[in-house]
Every structure is written in C-alpha cells, then in structure tokens.
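Asks: As input, take model_26.tsv (TSV, C-alpha atoms (C1' of nucleotides)):
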```tsv
chain	number	residue	atom	x	y	z
A	1	MET	CA	100.49	79.46	93.72
A	2	SER	CA	99.46	82.57	91.77
A	3	LEU	CA	102.99	83.54	90.74
A	4	ARG	CA	103.20	80.42	88.62
A	5	TYR	CA	100.12	81.43	86.63
A	6	ALA	CA	101.09	85.08	86.42
A	7	VAL	CA	104.36	84.08	84.72
A	8	LEU	CA	102.60	81.53	82.54
A	9	GLY	CA	100.02	84.16	81.56
A	10	LEU	CA	102.61	86.75	80.60
A	11	LEU	CA	104.48	84.17	78.51
A	12	ALA	CA	101.18	83.25	76.82
A	13	ARG	CA	101.00	86.87	75.62
A	14	ARG	CA	104.51	86.79	74.19
A	15	PRO	CA	107.85	84.99	74.73
A	16	SER	CA	110.08	86.97	77.08
A	17	THR	CA	113.25	86.90	79.12
A	18	GLY	CA	113.16	86.96	82.91
A	19	TYR	CA	114.31	90.54	82.80
A	20	GLU	CA	111.43	91.56	80.53
A	21	LEU	CA	108.95	89.72	82.76
A	22	THR	CA	110.26	91.64	85.74
A	23	ARG	CA	109.50	94.94	84.00
A	24	THR	CA	106.08	93.71	82.85
A	25	PHE	CA	105.17	92.74	86.42
A	26	ASP	CA	106.05	96.26	87.44
A	27	ARG	CA	104.22	97.99	84.58
A	28	SER	CA	101.11	95.90	84.08
A	29	LEU	CA	100.62	93.79	87.20
A	30	ARG	CA	101.66	96.33	89.81
A	31	SER	CA	98.01	96.80	90.80
A	32	SER	CA	97.21	93.15	91.42
A	33	TRP	CA	100.31	90.95	91.70
A	34	GLN	CA	103.86	92.05	92.28
A	35	ALA	CA	107.02	89.99	91.78
A	36	ARG	CA	110.74	90.77	91.86
A	37	HIS	CA	113.38	89.22	89.69
A	38	SER	CA	114.60	87.19	92.67
A	39	GLN	CA	111.29	85.35	92.56
A	40	ILE	CA	110.84	85.26	88.79
A	41	TYR	CA	114.11	83.54	87.82
A	42	PRO	CA	113.67	80.56	90.16
A	43	GLU	CA	110.00	80.28	89.08
A	44	LEU	CA	111.04	80.14	85.39
A	45	ALA	CA	113.46	77.34	86.26
A	46	LYS	CA	110.69	75.40	88.03
A	47	LEU	CA	108.27	75.94	85.13
A	48	GLU	CA	110.91	74.74	82.67
A	49	ALA	CA	111.52	71.61	84.77
A	50	ALA	CA	107.76	70.96	84.63
A	51	ASP	CA	107.74	71.41	80.82
A	52	LEU	CA	105.25	74.26	81.05
A	53	VAL	CA	107.72	76.71	79.49
A	54	GLU	CA	110.82	76.24	77.33
A	55	VAL	CA	113.87	78.24	76.29
A	56	VAL	CA	113.39	79.35	72.68
A	57	GLY	CA	116.45	81.53	72.22
A	58	GLN	CA	119.52	83.02	73.81
A	59	GLY	CA	120.41	86.61	73.06
A	60	ALA	CA	123.26	88.89	73.94
A	61	ARG	CA	124.33	89.28	77.58
A	62	ARG	CA	123.54	85.59	78.17
A	63	SER	CA	119.81	86.32	78.19
A	64	LYS	CA	117.37	83.42	77.81
A	65	THR	CA	114.03	83.88	76.08
A	66	TYR	CA	111.26	81.64	77.43
A	67	ALA	CA	108.03	80.64	75.68
A	68	ILE	CA	104.96	78.82	76.97
A	69	THR	CA	104.54	75.19	75.83
A	70	PRO	CA	101.21	73.58	74.76
A	71	ALA	CA	101.14	71.87	78.18
A	72	GLY	CA	101.67	75.28	79.78
A	73	ARG	CA	98.76	76.76	77.85
A	74	ALA	CA	96.52	73.89	78.90
A	75	GLU	CA	97.51	74.31	82.54
A	76	LEU	CA	96.90	78.06	82.39
A	77	ARG	CA	93.46	77.60	80.84
A	78	ARG	CA	92.58	74.95	83.43
A	79	TRP	CA	93.50	77.32	86.24
A	80	LEU	CA	91.61	80.28	84.79
A	81	VAL	CA	88.43	78.40	83.92
A	82	GLU	CA	88.21	75.41	86.24
A	83	ALA	CA	90.08	76.22	89.46
A	84	GLU	CA	88.07	77.88	92.21
A	85	PRO	CA	89.33	81.49	92.58
A	86	ASP	CA	90.82	82.64	95.85
A	87	ARG	CA	88.83	85.86	96.39
A	88	SER	CA	90.89	87.04	99.35
A	89	GLN	CA	92.82	90.26	98.98
A	90	ARG	CA	95.61	91.96	100.88
A	91	SER	CA	95.31	95.70	100.69
A	92	GLU	CA	96.83	98.16	103.12
A	93	SER	CA	94.65	100.88	101.56
A	94	GLY	CA	91.56	98.84	102.37
A	95	LEU	CA	92.72	98.47	105.97
A	96	ARG	CA	93.38	102.21	106.22
A	97	LEU	CA	89.94	103.02	104.86
A	98	PHE	CA	88.39	100.62	107.36
A	99	LEU	CA	90.15	102.42	110.21
A	100	THR	CA	89.47	106.04	109.15
A	101	PRO	CA	86.26	106.27	111.24
A	102	LEU	CA	88.57	106.25	114.27
A	103	LEU	CA	90.09	109.59	113.27
A	104	ASP	CA	88.62	112.97	114.14
A	105	PRO	CA	87.11	114.84	111.16
A	106	ALA	CA	90.19	117.02	110.50
A	107	ASP	CA	92.60	114.05	110.38
A	108	ARG	CA	90.12	112.06	108.34
A	109	GLN	CA	89.97	114.84	105.77
A	110	VAL	CA	93.76	114.76	105.43
A	111	THR	CA	93.66	111.07	104.53
A	112	TYR	CA	90.73	111.52	102.13
A	113	GLU	CA	92.57	114.29	100.33
A	114	ARG	CA	95.69	112.16	100.01
A	115	ASP	CA	93.57	109.31	98.62
A	116	LEU	CA	91.80	111.65	96.22
A	117	ALA	CA	95.11	112.85	94.80
A	118	HIS	CA	96.14	109.24	94.25
A	119	VAL	CA	92.84	108.21	92.63
A	120	GLU	CA	92.97	111.21	90.30
A	121	GLN	CA	96.47	110.29	89.23
A	122	GLU	CA	95.43	106.68	88.58
A	123	LEU	CA	92.45	107.91	86.59
A	124	ALA	CA	94.70	110.07	84.43
A	125	VAL	CA	96.98	107.10	83.71
A	126	LEU	CA	94.03	104.82	82.88
A	127	LYS	CA	92.49	107.40	80.54
A	128	GLU	CA	95.81	107.87	78.78
A	129	VAL	CA	96.23	104.12	78.30
A	130	HIS	CA	92.66	103.88	77.05
A	131	ALA	CA	93.12	106.73	74.58
A	132	GLY	CA	96.24	104.99	73.22
A	133	MET	CA	94.21	101.89	72.32
A	134	GLU	CA	91.80	103.36	69.75
A	135	GLY	CA	91.02	100.97	66.95
A	136	ALA	CA	93.36	98.20	68.05
A	137	THR	CA	90.84	95.42	67.42
A	138	GLU	CA	93.01	92.71	68.86
A	139	SER	CA	93.10	94.28	72.29
A	140	GLU	CA	89.39	95.07	72.44
A	141	VAL	CA	88.84	92.84	75.47
A	142	PHE	CA	91.77	94.49	77.22
A	143	ALA	CA	90.38	97.95	76.42
A	144	ARG	CA	87.13	97.00	78.17
A	145	GLN	CA	89.13	96.13	81.27
A	146	ILE	CA	90.65	99.58	81.26
A	147	GLU	CA	87.09	100.93	81.05
A	148	LEU	CA	86.22	99.00	84.22
A	149	GLY	CA	89.20	100.54	85.96
A	150	ILE	CA	88.08	104.00	84.85
A	151	ARG	CA	84.54	103.42	86.09
A	152	VAL	CA	85.67	102.08	89.48
A	153	HIS	CA	88.13	104.92	90.00
A	154	THR	CA	85.51	107.46	88.95
A	155	VAL	CA	83.15	106.11	91.62
A	156	MET	CA	85.93	106.32	94.20
A	157	ARG	CA	86.77	109.87	93.19
A	158	GLY	CA	83.14	110.95	93.55
A	159	TRP	CA	82.84	109.27	96.93
A	160	LEU	CA	86.03	110.87	98.24
A	161	GLN	CA	84.89	114.30	97.04
A	162	GLU	CA	81.61	113.82	98.93
A	163	GLN	CA	83.44	112.81	102.13
A	164	ILE	CA	85.78	115.79	101.90
A	165	LYS	CA	82.84	118.15	101.41
A	166	ALA	CA	80.98	116.55	104.33
A	167	SER	CA	83.95	116.66	106.70
A	168	SER	CA	84.73	120.30	105.84
A	169	HIS	CA	81.17	121.16	107.03
A	170	THR	CA	81.48	119.24	110.28
A	171	GLY	CA	85.13	119.39	111.21
A	172	ARG	CA	85.97	122.95	110.20
A	173	GLY	CA	84.32	126.27	109.53
B	1	MET	CA	103.89	96.01	109.29
B	2	SER	CA	100.14	96.33	108.66
B	3	LEU	CA	99.12	93.56	111.06
B	4	ARG	CA	100.38	95.67	113.95
B	5	TYR	CA	98.08	98.56	112.99
B	6	ALA	CA	95.16	96.32	112.17
B	7	VAL	CA	95.28	94.91	115.71
B	8	LEU	CA	95.84	98.36	117.19
B	9	GLY	CA	92.90	99.69	115.18
B	10	LEU	CA	90.53	96.96	116.30
B	11	LEU	CA	91.52	97.51	119.93
B	12	ALA	CA	90.93	101.27	119.45
B	13	ARG	CA	87.32	100.38	118.60
B	14	ARG	CA	86.90	98.29	121.72
B	15	PRO	CA	88.99	96.19	124.15
B	16	SER	CA	89.01	92.54	123.10
B	17	THR	CA	90.60	89.17	123.69
B	18	GLY	CA	92.79	87.56	121.05
B	19	TYR	CA	89.98	85.16	120.32
B	20	GLU	CA	87.53	88.01	119.66
B	21	LEU	CA	90.06	89.75	117.42
B	22	THR	CA	90.42	86.56	115.40
B	23	ARG	CA	86.69	86.54	114.72
B	24	THR	CA	86.66	90.28	113.92
B	25	PHE	CA	89.45	89.81	111.38
B	26	ASP	CA	87.34	87.16	109.74
B	27	ARG	CA	84.07	89.13	109.83
B	28	SER	CA	85.15	92.70	109.15
B	29	LEU	CA	88.61	92.61	107.63
B	30	ARG	CA	88.24	89.54	105.43
B	31	SER	CA	88.11	91.78	102.35
B	32	SER	CA	91.32	93.73	103.00
B	33	TRP	CA	93.53	92.12	105.64
B	34	GLN	CA	93.35	88.56	106.92
B	35	ALA	CA	95.00	87.17	110.04
B	36	ARG	CA	94.78	83.87	111.93
B	37	HIS	CA	95.00	83.41	115.65
B	38	SER	CA	98.51	81.99	115.24
B	39	GLN	CA	99.61	85.43	114.09
B	40	ILE	CA	97.40	87.49	116.40
B	41	TYR	CA	98.52	86.08	119.78
B	42	PRO	CA	102.25	86.67	119.17
B	43	GLU	CA	101.47	90.16	117.81
B	44	LEU	CA	99.50	91.03	120.97
B	45	ALA	CA	102.51	89.94	123.05
B	46	LYS	CA	104.81	92.17	120.99
B	47	LEU	CA	102.42	95.14	121.24
B	48	GLU	CA	102.19	94.66	125.00
B	49	ALA	CA	106.00	94.59	125.29
B	50	ALA	CA	106.06	97.90	123.37
B	51	ASP	CA	103.43	99.40	125.75
B	52	LEU	CA	101.04	100.04	122.87
B	53	VAL	CA	98.41	97.73	124.39
B	54	GLU	CA	97.82	96.44	127.92
B	55	VAL	CA	95.92	93.64	129.61
B	56	VAL	CA	92.87	95.14	131.28
B	57	GLY	CA	91.15	92.01	132.50
B	58	GLN	CA	91.22	88.25	132.70
B	59	GLY	CA	87.98	86.35	132.23
B	60	ALA	CA	86.95	82.76	132.43
B	61	ARG	CA	88.94	80.12	130.49
B	62	ARG	CA	92.14	82.08	131.15
B	63	SER	CA	91.20	84.68	128.56
B	64	LYS	CA	93.04	88.00	128.54
B	65	THR	CA	91.31	91.21	127.48
B	66	TYR	CA	93.62	93.74	125.83
B	67	ALA	CA	93.05	97.49	125.47
B	68	ILE	CA	94.95	100.11	123.52
B	69	THR	CA	97.12	102.51	125.57
B	70	PRO	CA	97.43	106.28	124.94
B	71	ALA	CA	100.82	105.59	123.32
B	72	GLY	CA	99.11	102.99	121.13
B	73	ARG	CA	96.47	105.50	120.04
B	74	ALA	CA	99.15	108.04	119.18
B	75	GLU	CA	101.09	105.49	117.16
B	76	LEU	CA	97.94	104.41	115.30
B	77	ARG	CA	97.02	108.00	114.47
B	78	ARG	CA	100.58	108.71	113.32
B	79	TRP	CA	100.46	105.73	110.96
B	80	LEU	CA	97.03	106.57	109.56
B	81	VAL	CA	97.68	110.28	109.01
B	82	GLU	CA	101.41	110.73	108.59
B	83	ALA	CA	102.88	107.49	107.21
B	84	GLU	CA	102.99	107.16	103.44
B	85	PRO	CA	100.47	104.46	102.44
B	86	ASP	CA	101.67	101.36	100.63
B	87	ARG	CA	99.22	101.31	97.70
B	88	SER	CA	100.25	97.89	96.44
B	89	GLN	CA	97.69	95.13	96.49
B	90	ARG	CA	97.76	91.39	96.19
B	91	SER	CA	94.66	90.10	94.49
B	92	GLU	CA	94.33	86.80	92.70
B	93	SER	CA	91.01	88.03	91.26
B	94	GLY	CA	92.81	91.02	89.76
B	95	LEU	CA	95.39	88.73	88.19
B	96	ARG	CA	92.66	86.47	86.78
B	97	LEU	CA	90.84	89.45	85.28
B	98	PHE	CA	94.08	90.66	83.72
B	99	LEU	CA	94.57	87.27	82.07
B	100	THR	CA	90.99	86.70	80.80
B	101	PRO	CA	91.74	88.27	77.39
B	102	LEU	CA	93.84	85.14	76.75
B	103	LEU	CA	90.75	82.94	76.85
B	104	ASP	CA	88.45	82.27	73.93
B	105	PRO	CA	85.01	83.94	74.21
B	106	ALA	CA	83.23	80.82	75.53
B	107	ASP	CA	85.75	80.25	78.34
B	108	ARG	CA	85.82	83.94	79.11
B	109	GLN	CA	82.07	83.95	79.53
B	110	VAL	CA	82.32	81.11	82.07
B	111	THR	CA	84.68	83.18	84.22
B	112	TYR	CA	82.57	86.33	83.89
B	113	GLU	CA	79.49	84.45	85.00
B	114	ARG	CA	81.31	83.03	88.00
B	115	ASP	CA	82.49	86.53	88.91
B	116	LEU	CA	79.01	87.97	88.45
B	117	ALA	CA	77.55	85.44	90.87
B	118	HIS	CA	80.18	86.41	93.43
B	119	VAL	CA	79.68	90.15	92.98
B	120	GLU	CA	75.92	89.78	93.34
B	121	GLN	CA	76.37	87.85	96.56
B	122	GLU	CA	78.73	90.51	97.94
B	123	LEU	CA	76.26	93.21	96.95
B	124	ALA	CA	73.47	91.43	98.82
B	125	VAL	CA	75.62	91.22	101.96
B	126	LEU	CA	76.63	94.89	101.74
B	127	LYS	CA	73.03	96.01	101.26
B	128	GLU	CA	71.95	93.93	104.25
B	129	VAL	CA	74.67	95.44	106.44
B	130	HIS	CA	73.73	98.90	105.24
B	131	ALA	CA	70.05	98.36	105.97
B	132	GLY	CA	70.94	97.23	109.49
B	133	MET	CA	72.62	100.57	110.22
B	134	GLU	CA	69.69	102.96	109.87
B	135	GLY	CA	69.81	105.83	112.34
B	136	ALA	CA	72.92	104.70	114.19
B	137	THR	CA	74.46	108.16	114.27
B	138	GLU	CA	77.71	107.03	115.81
B	139	SER	CA	78.52	104.76	112.87
B	140	GLU	CA	77.63	107.31	110.20
B	141	VAL	CA	81.16	107.37	108.79
B	142	PHE	CA	81.20	103.60	108.67
B	143	ALA	CA	77.83	103.56	106.88
B	144	ARG	CA	79.29	105.78	104.16
B	145	GLN	CA	82.07	103.23	103.64
B	146	ILE	CA	79.47	100.54	103.07
B	147	GLU	CA	77.90	102.85	100.49
B	148	LEU	CA	81.24	103.03	98.67
B	149	GLY	CA	81.38	99.24	98.63
B	150	ILE	CA	77.86	99.12	97.21
B	151	ARG	CA	78.69	101.65	94.49
B	152	VAL	CA	81.90	99.85	93.47
B	153	HIS	CA	80.22	96.46	93.36
B	154	THR	CA	77.29	97.90	91.40
B	155	VAL	CA	79.73	99.20	88.78
B	156	MET	CA	81.41	95.79	88.60
B	157	ARG	CA	78.06	94.03	88.26
B	158	GLY	CA	77.05	96.29	85.37
B	159	TRP	CA	80.38	95.80	83.64
B	160	LEU	CA	80.23	92.01	83.98
B	161	GLN	CA	76.67	91.95	82.63
B	162	GLU	CA	77.85	93.95	79.60
B	163	GLN	CA	80.76	91.57	78.99
B	164	ILE	CA	78.52	88.53	79.24
B	165	LYS	CA	76.04	90.04	76.80
B	166	ALA	CA	78.87	90.96	74.40
B	167	SER	CA	80.52	87.55	74.53
B	168	SER	CA	77.21	85.71	74.03
B	169	HIS	CA	76.84	87.62	70.71
B	170	THR	CA	80.35	86.82	69.52
B	171	GLY	CA	81.18	83.46	71.01
B	172	ARG	CA	77.83	81.69	70.73
B	173	GLY	CA	74.65	81.84	68.71
C	1	DA	C1'	137.91	104.71	81.64
C	2	DG	C1'	133.61	105.31	83.82
C	3	DT	C1'	128.70	105.20	84.07
C	4	DA	C1'	124.36	103.39	83.03
C	5	DC	C1'	121.64	99.80	81.95
C	6	DC	C1'	120.90	94.90	80.62
C	7	DA	C1'	120.74	90.35	82.65
C	8	DT	C1'	120.78	86.49	85.89
C	9	DG	C1'	121.35	84.35	89.88
C	10	DT	C1'	121.65	83.16	95.43
C	11	DA	C1'	121.02	83.99	100.57
C	12	DA	C1'	118.95	85.79	104.76
C	13	DG	C1'	115.13	87.16	106.99
C	14	DC	C1'	110.23	88.38	107.57
C	15	DC	C1'	105.44	87.43	107.16
C	16	DG	C1'	101.68	84.42	106.75
C	17	DT	C1'	99.42	79.73	106.50
C	18	DT	C1'	98.77	75.17	108.06
C	19	DA	C1'	99.27	71.96	111.42
C	20	DC	C1'	100.17	70.53	116.11
C	21	DA	C1'	99.01	70.88	120.97
C	22	DT	C1'	96.54	71.82	125.20
C	23	DG	C1'	93.05	73.01	128.39
C	24	DA	C1'	88.40	75.27	130.17
C	25	DT	C1'	83.46	75.87	129.98
C	26	DT	C1'	78.89	75.03	128.35
C	27	DC	C1'	75.29	72.38	126.45
C	28	DT	C1'	72.76	68.07	125.65
D	1	DA	C1'	79.86	61.49	129.51
D	2	DG	C1'	80.62	63.48	125.12
D	3	DA	C1'	80.43	67.16	121.82
D	4	DA	C1'	80.79	71.85	120.75
D	5	DT	C1'	82.81	76.03	121.48
D	6	DC	C1'	85.83	79.18	123.92
D	7	DA	C1'	90.64	80.26	124.45
D	8	DT	C1'	95.66	80.40	123.88
D	9	DG	C1'	99.77	79.08	122.45
D	10	DT	C1'	103.99	76.88	119.39
D	11	DA	C1'	106.24	74.68	115.22
D	12	DA	C1'	107.05	73.74	110.44
D	13	DC	C1'	106.77	75.26	106.06
D	14	DG	C1'	106.24	78.21	102.05
D	15	DG	C1'	106.10	82.75	99.67
D	16	DC	C1'	107.88	87.29	99.24
D	17	DT	C1'	111.25	91.14	100.10
D	18	DT	C1'	115.71	92.87	100.70
D	19	DA	C1'	120.31	92.38	100.17
D	20	DC	C1'	124.32	90.30	98.20
D	21	DA	C1'	126.91	88.99	94.09
D	22	DT	C1'	128.45	88.82	89.36
D	23	DG	C1'	129.10	89.83	84.67
D	24	DG	C1'	127.90	91.75	79.77
D	25	DT	C1'	126.99	95.61	76.52
D	26	DA	C1'	126.44	100.38	75.13
D	27	DC	C1'	127.30	105.06	75.51
D	28	DT	C1'	130.15	109.14	76.45
```
Here is a file; write its structure as structure tokens.
Replies:
Amino acid sequence: MSLRYAVLGLLARRPSTGYELTRTFDRSLRSSWQARHSQIYPELAKLEAADLVEVVGQGARRSKTYAITPAGRAELRRWLVEAEPDRSQRSESGLRLFLTPLLDPADRQVTYERDLAHVEQELAVLKEVHAGMEGATESEVFARQIELGIRVHTVMRGWLQEQIKASSHTGRG
Amino acid sequence: MSLRYAVLGLLARRPSTGYELTRTFDRSLRSSWQARHSQIYPELAKLEAADLVEVVGQGARRSKTYAITPAGRAELRRWLVEAEPDRSQRSESGLRLFLTPLLDPADRQVTYERDLAHVEQELAVLKEVHAGMEGATESEVFARQIELGIRVHTVMRGWLQEQIKASSHTGRG
DNA sequence: AGTACCATGTAAGCCGTTACATGATTCT
DNA sequence: AGAATCATGTAACGGCTTACATGGTACT
C-alpha cells in the first residue's frame, strides 16, 4: 500500500500532474520507492475516487493537475505517525553483498571495486545537492536527510576501501 | 530474477531442503531479500529442470535435499561478477524518512523515536552476532560484513539522536 | 513536414504474498 | 491421543514492469 502514500506525500509537497509525479518518482524517490506512469495514473484515479486528492486545474495537452485534500493530508499523517512501519526491504545489492563471501578474493575485489565506483558517484551527487541547499531555511529538515545519506555513503566508501586493500594483500601480489 | 540467485547462493553455502532454505531466508536474508516457501519450492523445481541444482538425498518426511551443480556455481559466479547490478531498492522506511519533513516537529519526533528504538535493537542483534564469530577464520569475510552493518546502524543511531535533540528544542519546551 | 517531448491511458505477464491443502514425525 | 513441528506443494490475488496505444504542443 506504499504507493498510495508516496503519491499522497508528493502531492502534499506541491500540486502536480501525473506526468510531473512520474519524473519526481524518478528523481527523488528512485532510491527508496519506484513507480512508472502506468501505475501512477490509475492510483491518482483511485485516490480521487476516495476524495484524498482532487483535480485543481487542467492545462494544455489535456493535463490534469491534482492536489491533496484535507482528508488526504489527515490520512497521510495517520500513516506516517500511527501506522506500524513495514521495515522489510528488497535490495539486490544487499543480496549480492551477502553472497560475496562465496567468491574467491580476486572476483570479490572486482565486485567491491564496482560498488566503490557506484558509492563514490552517489556521494558526489549527494554533496552537490547538499551544497545547493545553503541557507534555504524551509528545507532545513530535508538538508539533514541529505547529511544522513552522506554519512552512510561515507561509511560504505571507507569499508569498501578497507576490503579492497585487504583482498589485494591476500588474493594478489 | 534475484530469487533464482538467492536460492543458488544459499545452496552454494551448503546443501539444504526447501524447508531449511525457507528458514534461512527468514534468518539471514530478511534484511535484503525475502521469500516464502510457496515461492521457494517452485523455484527449486525450475532450477533442477535447468540442471543448476540437483537432489542429493531424501530424508525422513519425504524431504528432498538439494545441492548446487558445477553449472549452478558457474552461473552464480557469472551473475555476481559479470552481470550489471540492479541498484534499485524498495524500502518503505526510506519512503517514510523522505516524507517526514511534511510533519510538524512534534509528530516528526514521534517517528524518529520509533526509528531509534528499531535501530538500537538491530544494533544489539548485529553486535551479538559479531561477538559470536570470534576466531572463526573461515567466516572472516562474513564477519567484516557484520561490521559494516554495525557501522551503518551506528551512524543512523547518532543521526536520529541529533534529530530528536533538535526537534525537542524547536517543537517542545 | 518531421522530430522531440509533453501527457495520459490500458493490457499482458511476472513476481510475490496470503491462503488453502495435505501428510509425516516427534514429543507429551 | 493430541499438539507441535517438519515438510511440501497449489491456488487466488494483488502489485509492479513492460509493452501497446494515442494524441497534443513546440521546435526546426
């Protein structure tokens, strides 16, 4: 049921069309919850039927702009604060990491190096986003979330560098 | 297609019955890839048909013990080393964190405190597992993975404590 | 006129969860 | 004898991805 609240949450930030939501899912929620337009449009229709969102304007190209209703805001808050979170995750990267001990040191190093490149790229993106938020008081809470991302990725980078160093001792000359 | 490799990977660690795999998914892969027995038994049948696993024994209660074949090992290694990882994740917790800036400081603090309790519990489990691995040379690589988990959770704990302190200044007396 | 992008929808198929169903062995 | 646990399977349903389908607007 998370899609429902992801859409509701994005509309609580600002009214949007389905097309805009699709891009926002790809830009901002890529790392935790993905959704394609083929899922978003039917979900908007369901939310509208439940009076949790409403159409507030129609633009060019027959686009419809949706906004969250007071009932939608209440439902979103209820979910965030009162509903028990589902802590389960689905992460292929986590599975891969879990299985790396099966590889011999040389193969393992290949995967660690690939992961390191990815983590460093993510870190660069996060730092850029963070730098572009200086002084924006309104998004202070959001800026702190970026800081968490930076800290977590920094820890992962350090760990990967240690593993690469360790496996280059053992597995190679 | 990750389920296939998760099963293959667990059988590369040791031969198991479907029932044992079900428990291993719940114990060891809970945090990255879940699977129920209703998914595991059909997958074992498919893997057997593809000669990636084979039945190596039948025990009491008509149980079948599966083992990975050489072809299965090759396919697993190929996936781990050569296939491009799918970095996408599906995490309700990530979505919730992304949406917390929408809450007022008092509500936000409630969610941070709930998360902190969870992170502390995870940390305790990880530290216990890590302590129970002293000197087991064979699982050295696995022990280092637990260390990564401990470091990441420690960073999250510190961050959550900071947020709670900050929101108790602003949102309350 | 053609290409690129904006914009919305539906349909088929795969994957995963929940529920249904059955039977064997062990423990009390 | 009854309960708990071991052990394996199938069926129904829901969520998500990929593919199909259509049309509007802007730019060159």
Asks: Taking all atoms listed in the file into account, which residues of chain C are within 8 Å of chain A, as a list in words?
Replies: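 Only these qualify: DC6, DA7, DT8 and DG9 of chain C.
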Asks: Would you list which chain D residues are within 9 Å of chain B using only C-alpha atoms (C1' of nucleotides), as an MDAnalysis selection string?
Replies: chainID D and resid 6:10
Asks: What does the structure give for the distance between atom CA of Val129 of chain A and atom CA of His153 of chain B, in Å to one decimal?
Replies: 23.3 Å
Asks: Check every residue of chain B for an atom within 8 Å of chain A, counting only C-alpha atoms, and provide those that qualify as a ChimeraX atom specification.
Replies: /B:2,6,9,12-13,29-34,77,80-81,85-103,107-108,110-111,141-142,145,148,151-152,155-156,159
Asks: Let me know the centre plus edge lengths, in Å and rounded to one decimal, of a box with edges along x, y and z that contains all listed atoms of segment 2-10 of chain D and is padded by 6 Å on every side, as AutoDock Vina command-line options.
Replies:
```
--center_x 92.2 --center_y 71.9 --center_z 122.3 --size_x 35.6 --size_y 28.9 --size_z 17.7
```
Asks: Could you check how far atom CA of Leu21 of chain A sits from atom C1' of DG16 of chain C, in Å to one decimal?
Replies: 25.6 Å
Asks: As an exercise, work out the distance from atom CA of Pro15 of chain A to atom CA of Gly57 of chain A in Å and give it to one decimal place.
Replies: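 It comes out at 9.6 Å.
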Asks: Give me the residues near segment 43-52 of chain B as a PyMOL selection string, where near means some atom within 7 Å (using only C-alpha atoms (C1' of nucleotides)) and where sequence neighbours in that chain fewer than 2 positions away do not count.
Replies: chain B and resi 4+39-41+54+68-69+71-72
Asks: Hey, which of D:DC27, D:DC20, D:DA3, D:DA11 ends up closest to DT26 of chain C? Count all atoms listed in the file.
Replies: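 Ranking D:DC27, D:DC20, D:DA3, D:DA11 by distance to DT26 of chain C, first place goes to D:DA3.
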Asks: Go through A:His130, A:Gly59, A:Leu116, A:Ala166 one by one, measure the shortest atom-to-atom distance of each to DG24 of chain D using only C-alpha atoms (C1' of nucleotides), and give the residue with the smallest value.
Replies: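 Looking at the shortest contact to DG24 of chain D, the residue is A:Gly59.
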